[in-house]
Structure formats: structure tokens, C-alpha cells
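Participant: Structure file data14.csv (CSV, C-alpha atoms) is given on the next line.
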```
chain,number,residue,atom,x,y,z
A,187,MET,CA,10.7,-23.7,-55.7
A,188,GLN,CA,8.9,-20.3,-55.7
A,189,ASN,CA,6.6,-21.5,-52.9
A,190,THR,CA,9.5,-22.5,-50.7
A,191,LEU,CA,11.3,-19.2,-51.2
A,192,THR,CA,8.1,-17.3,-50.3
A,193,ASN,CA,7.7,-19.4,-47.2
A,194,LEU,CA,11.3,-18.7,-46.1
A,195,ARG,CA,10.8,-15.0,-46.6
A,196,ILE,CA,7.6,-15.1,-44.6
A,197,GLN,CA,9.4,-16.9,-41.8
A,198,ASP,CA,12.2,-14.4,-41.8
A,199,GLY,CA,9.8,-11.5,-41.8
A,200,VAL,CA,10.3,-10.5,-45.4
A,201,ALA,CA,7.1,-11.3,-47.3
A,202,PRO,CA,5.8,-10.1,-50.6
A,203,PRO,CA,3.4,-7.2,-50.2
A,204,PRO,CA,-0.2,-8.3,-49.6
A,205,THR,CA,-2.8,-8.0,-52.3
A,206,GLY,CA,-5.7,-6.1,-50.8
A,207,PRO,CA,-6.1,-4.6,-47.4
A,208,LEU,CA,-3.5,-5.4,-44.7
A,209,THR,CA,-4.8,-7.7,-42.0
A,210,LEU,CA,-3.5,-8.6,-38.6
A,211,GLU,CA,-2.7,-12.1,-39.9
A,212,ASP,CA,-0.5,-10.4,-42.7
A,213,LEU,CA,1.3,-8.4,-40.0
A,214,TYR,CA,1.8,-11.4,-37.9
A,215,ARG,CA,3.4,-13.4,-40.8
A,216,GLN,CA,5.5,-10.5,-42.0
A,217,HIS,CA,6.8,-9.1,-38.7
A,218,ARG,CA,6.5,-11.7,-35.9
A,219,MET,CA,10.0,-13.2,-36.3
A,220,ARG,CA,11.7,-9.8,-36.5
A,221,LEU,CA,9.8,-8.7,-33.4
A,222,VAL,CA,10.8,-11.9,-31.5
A,223,ARG,CA,14.4,-11.3,-32.4
A,224,LEU,CA,14.1,-7.7,-31.1
A,225,ALA,CA,12.5,-8.9,-27.8
A,226,LEU,CA,15.1,-11.7,-27.5
A,227,LEU,CA,17.9,-9.1,-27.7
A,228,LEU,CA,16.2,-7.1,-25.0
A,229,VAL,CA,15.0,-9.8,-22.5
A,230,ASP,CA,17.6,-12.5,-23.3
A,231,GLU,CA,15.1,-15.4,-22.9
A,232,PRO,CA,13.3,-17.0,-25.9
A,233,ALA,CA,10.1,-17.9,-24.1
A,234,THR,CA,9.7,-14.5,-22.6
A,235,ALA,CA,10.5,-12.8,-25.9
A,236,GLU,CA,7.7,-14.8,-27.6
A,237,ASP,CA,5.3,-13.9,-24.8
A,238,VAL,CA,6.2,-10.2,-25.2
A,239,VAL,CA,5.5,-10.3,-28.9
A,240,GLN,CA,2.2,-12.2,-28.4
A,241,GLU,CA,1.1,-9.5,-25.9
A,242,ALA,CA,2.0,-6.8,-28.5
A,243,PHE,CA,-0.2,-8.6,-31.1
A,244,THR,CA,-3.0,-9.1,-28.6
A,245,GLY,CA,-2.9,-5.4,-27.8
A,246,LEU,CA,-3.0,-4.5,-31.5
A,247,HIS,CA,-5.9,-6.9,-32.0
A,248,ARG,CA,-7.8,-5.1,-29.2
A,249,ASN,CA,-7.2,-1.7,-30.8
A,250,TRP,CA,-7.4,-2.8,-34.5
A,251,SER,CA,-10.6,-0.7,-35.1
A,252,ASN,CA,-8.8,2.5,-33.7
A,253,LEU,CA,-5.8,2.1,-36.0
A,254,ARG,CA,-5.1,5.1,-38.4
A,255,ASP,CA,-3.5,3.0,-41.1
A,256,ALA,CA,-1.7,-0.3,-41.6
A,257,GLN,CA,1.7,1.3,-41.6
A,258,ALA,CA,1.1,2.7,-38.1
A,259,ALA,CA,0.5,-0.9,-36.9
A,260,VAL,CA,4.2,-1.9,-37.4
A,261,GLY,CA,5.3,1.1,-35.3
A,262,TYR,CA,2.7,0.3,-32.7
A,263,LEU,CA,4.0,-3.3,-32.5
A,264,ARG,CA,7.6,-2.3,-32.3
A,265,THR,CA,6.8,0.2,-29.5
A,266,ALA,CA,4.7,-2.4,-27.7
A,267,VAL,CA,7.5,-5.0,-27.8
A,268,VAL,CA,10.1,-2.5,-26.5
A,269,ASN,CA,7.7,-1.4,-23.7
A,270,GLY,CA,6.8,-5.0,-22.9
A,271,SER,CA,10.5,-5.9,-22.7
A,272,ARG,CA,11.1,-3.0,-20.3
A,273,SER,CA,8.3,-4.2,-18.1
A,274,VAL,CA,9.8,-7.7,-18.0
A,275,LEU,CA,13.2,-6.3,-17.1
A,276,ARG,CA,11.6,-4.1,-14.3
A,277,ARG,CA,9.9,-7.1,-12.9
A,278,ARG,CA,13.1,-9.1,-12.9
A,279,LYS,CA,15.0,-6.4,-11.2
A,280,THR,CA,12.3,-6.1,-8.5
A,281,ALA,CA,12.4,-9.8,-7.9
A,282,ARG,CA,16.2,-9.8,-7.7
A,283,ASP,CA,16.2,-6.8,-5.3
A,284,TYR,CA,13.5,-8.3,-3.0
A,285,THR,CA,14.7,-9.0,0.5
A,286,PRO,CA,12.4,-11.2,2.5
A,287,PRO,CA,11.2,-9.6,5.8
A,288,HIS,CA,13.2,-10.2,8.9
A,289,VAL,CA,11.8,-12.8,11.1
A,290,ALA,CA,11.2,-11.0,14.4
A,291,ASN,CA,10.7,-14.1,16.5
A,292,ALA,CA,13.9,-15.7,15.6
A,293,ARG,CA,16.4,-15.5,18.4
A,294,SER,CA,20.1,-16.0,18.0
A,295,ALA,CA,22.0,-18.7,20.0
A,296,GLU,CA,24.1,-16.0,21.7
A,297,SER,CA,21.1,-14.1,23.0
A,298,LEU,CA,19.5,-17.3,24.3
A,299,ALA,CA,22.7,-18.4,26.1
A,300,MET,CA,22.8,-15.0,27.9
A,301,LEU,CA,19.3,-15.4,29.3
A,302,THR,CA,18.7,-17.2,32.6
A,303,ALA,CA,16.4,-20.2,32.6
A,304,GLU,CA,13.6,-18.1,34.0
A,305,HIS,CA,14.0,-15.5,31.3
A,306,GLN,CA,14.1,-18.2,28.7
A,307,ALA,CA,10.8,-19.5,29.9
A,308,VAL,CA,9.2,-16.1,29.8
A,309,VAL,CA,10.6,-15.4,26.3
A,310,ALA,CA,9.3,-18.8,25.2
A,311,ALA,CA,5.9,-18.0,26.7
A,312,LEU,CA,5.8,-14.6,25.1
A,313,SER,CA,6.3,-16.1,21.7
A,314,GLN,CA,3.1,-18.1,22.2
A,315,LEU,CA,1.0,-14.9,22.7
A,316,PRO,CA,-0.8,-13.2,19.8
A,317,PRO,CA,1.2,-10.4,18.2
A,318,ARG,CA,-0.7,-7.5,19.7
A,319,GLN,CA,-0.5,-8.9,23.2
A,320,ARG,CA,3.2,-9.7,22.9
A,321,GLU,CA,3.8,-6.1,21.6
A,322,VAL,CA,2.0,-4.5,24.5
A,323,LEU,CA,3.8,-6.6,27.2
A,324,VAL,CA,7.2,-6.1,25.6
A,325,LEU,CA,6.7,-2.4,25.3
A,326,ARG,CA,5.4,-2.1,28.9
A,327,TYR,CA,7.8,-4.4,30.8
A,328,TYR,CA,10.9,-4.5,28.6
A,329,GLY,CA,10.6,-1.1,27.0
A,330,ASP,CA,9.4,0.7,30.2
A,331,LEU,CA,6.8,2.7,28.2
A,332,SER,CA,3.7,4.2,29.7
A,333,GLU,CA,0.2,3.2,28.5
A,334,ALA,CA,-0.1,6.5,26.6
A,335,GLU,CA,3.3,5.8,24.9
A,336,ILE,CA,2.3,2.3,24.0
A,337,ALA,CA,-1.0,3.5,22.6
A,338,GLU,CA,0.9,6.0,20.4
A,339,ALA,CA,3.5,3.5,19.3
A,340,THR,CA,1.0,0.8,18.4
A,341,GLY,CA,-1.8,3.0,17.1
A,342,ILE,CA,-4.4,1.7,19.5
A,343,SER,CA,-6.3,3.5,22.2
A,344,LYS,CA,-5.1,3.8,25.8
A,345,GLY,CA,-8.1,1.7,27.0
A,346,THR,CA,-7.2,-1.1,24.5
A,347,VAL,CA,-3.7,-1.1,25.8
A,348,LYS,CA,-5.0,-1.7,29.3
A,349,SER,CA,-7.3,-4.5,28.4
A,350,THR,CA,-4.8,-6.1,26.0
A,351,ALA,CA,-2.1,-6.0,28.8
A,352,SER,CA,-4.5,-7.6,31.2
A,353,ARG,CA,-5.5,-10.4,28.9
A,354,ALA,CA,-1.9,-10.9,27.9
A,355,LEU,CA,-0.8,-11.2,31.5
A,356,ASP,CA,-3.6,-13.8,32.2
A,357,ALA,CA,-2.6,-15.8,29.1
A,358,LEU,CA,1.1,-15.6,30.0
A,359,GLN,CA,0.4,-16.8,33.6
A,360,LYS,CA,-1.6,-19.8,32.2
A,361,ILE,CA,1.2,-20.7,29.7
A,362,MET,CA,3.8,-20.4,32.5
A,363,ALA,CA,1.7,-22.6,34.9
A,364,ALA,CA,1.4,-25.3,32.2
A,365,ARG,CA,5.2,-25.7,32.1
```
Can you dump the structure from the file as C-alpha cells?

Facilitator:
Amino acid sequence: MQNTLTNLRIQDGVAPPPTGPLTLEDLYRQHRMRLVRLALLLVDEPATAEDVVQEAFTGLHRNWSNLRDAQAAVGYLRTAVVNGSRSVLRRRKTARDYTPPHVANARSAESLAMLTAEHQAVVAALSQLPPRQREVLVLRYYGDLSEAEIAEATGISKGTVKSTASRALDALQKIMAAR
């Protein structure tokens, strides 16, 4: 009966004081469940709470030789669990707030209907060009920018703008001829 009571107290985080120096194993037996409950209240997910506590004990194990005394270990663990829970919550918020980048090549049905058949063919051919070539041609012929303005907008040299435009027009002509 006494053995069962001791095991229940250990599982609940209330264990008799250890005889001898406190070890990491003693801390784990005495405080693990209490720390898991703390993490569970913070992160609201049992598996994540267990992971947070395991990370806290792993960190304590790494720094066990630098520990002042055994009583400081409990404070370290509690702080590590709270900080680990905060990190989990930050990552969750970041994931929830993430908005995938807008797909620049997707055209709406309305915009395609407004284009003539010839313009549709040019737009389709443009979409087959590499990104830099497409940018240079769009800025030059649809944006009416000069070579210097294109160079500034894209961060490439004026000479690169000229050669890229030339290659892009050749490629565009081949694509259009293949249709």
C-alpha cells in the first residue's frame, strides 16, 4: 500500500524528498507532470505541452554542470516551460497570419475577355518567357519606361537591359511563330 501511495505521489509531482544529492532523474519524477499541466494550460495541446517540457529538461541536462544548486533547477525548468510555450504560441500566430504570395501570372477572366485575340496571344507568349525577360519587355512596351528607368527599377545595368530585351524579343518572335 505504501508503495502505491508513493508511486501516485510521484506521478502527481509530489514525491518524498530524495535521500542524497538531487539528480535530474529526481527532478523529472517530481516535477514533470506539474510542468506538463502548466504547459498544457498555456499551449492547449497535450502533445505540444509534452514536447515543451521535454525541451526544458533537455536544456537543463545540457546546463546541469553550470547549475548553482538543485533548487535553482526547478525555477529554471518553470521558466524554460513558460518561454517554450511562448515560442510555440508565436510560431502558431506566425503560421496563422501567413498569407501566401500573390500569383503574378494569374489573369482574371474579365481581363482576358477584354483583350483582343492578338493581345491574348502576346500575353500567352510573354508568360512563357523567363521572368527577367518578361519584366524587361513589360516595363519597356507596356510601362513605356526608358532603358535607364528599367535598369533602375530592376536593379540591373543599362547594357543588361538592352541585351535582355533583344533576347526576349527574339524568343517572343519564335514563340509567336510557333502558334

Participant: Report the distance between CA of Pro232 in chain A and CA of Tyr214 in chain A in Å, rounded to one decimal place.

Facilitator: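 Atom-to-atom, CA of Pro232 in chain A and CA of Tyr214 in chain A are spaced 17.5 Å apart.
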
Participant: If you measure from CA of Ala295 in chain A to CA of Ala310 in chain A, what distance in Å do you get, rounded to one decimal?

Facilitator: 13.7 Å

Participant: (2.0, -24.1, 27.8) in this file's frame - what residues fall within 12 Å of it? Use only C-alpha atoms and give the answer as a ChimeraX atom specification.

Facilitator: /A:307-308,310-315,357-365

Participant: Which polymer residues have any atom within 10 Å of an atom of range 267-273 of chain A, counting all atoms listed in the file, with same-chain residues fewer than 2 positions away left out, as a list in words?

Facilitator: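 Near range 267-273 of chain A, the qualifying residues are Leu221, Val222, Leu224, Ala225, Leu226, Leu227, Leu228, Val229, Asp230, Thr234, Ala235, Glu236, Asp237, Val238, Val239, Gln240, Glu241, Ala242, Phe243, Gly261, Tyr262, Leu263, Arg264, Thr265, Leu275, Arg276, Arg277, Arg278 and Lys279 of chain A.
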
Participant: Quick check, in Å to one decimal: how far apart do CA of Ala259 in chain A and CA of Val274 in chain A lie?

Facilitator: 22.1 Å

Participant: Which is closest to Leu213 in chain A among A:His305, A:Lys348, A:Arg326, A:His247, if we use only C-alpha atoms?

Facilitator: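 Distance minimum relative to Leu213 in chain A lands on A:His247.
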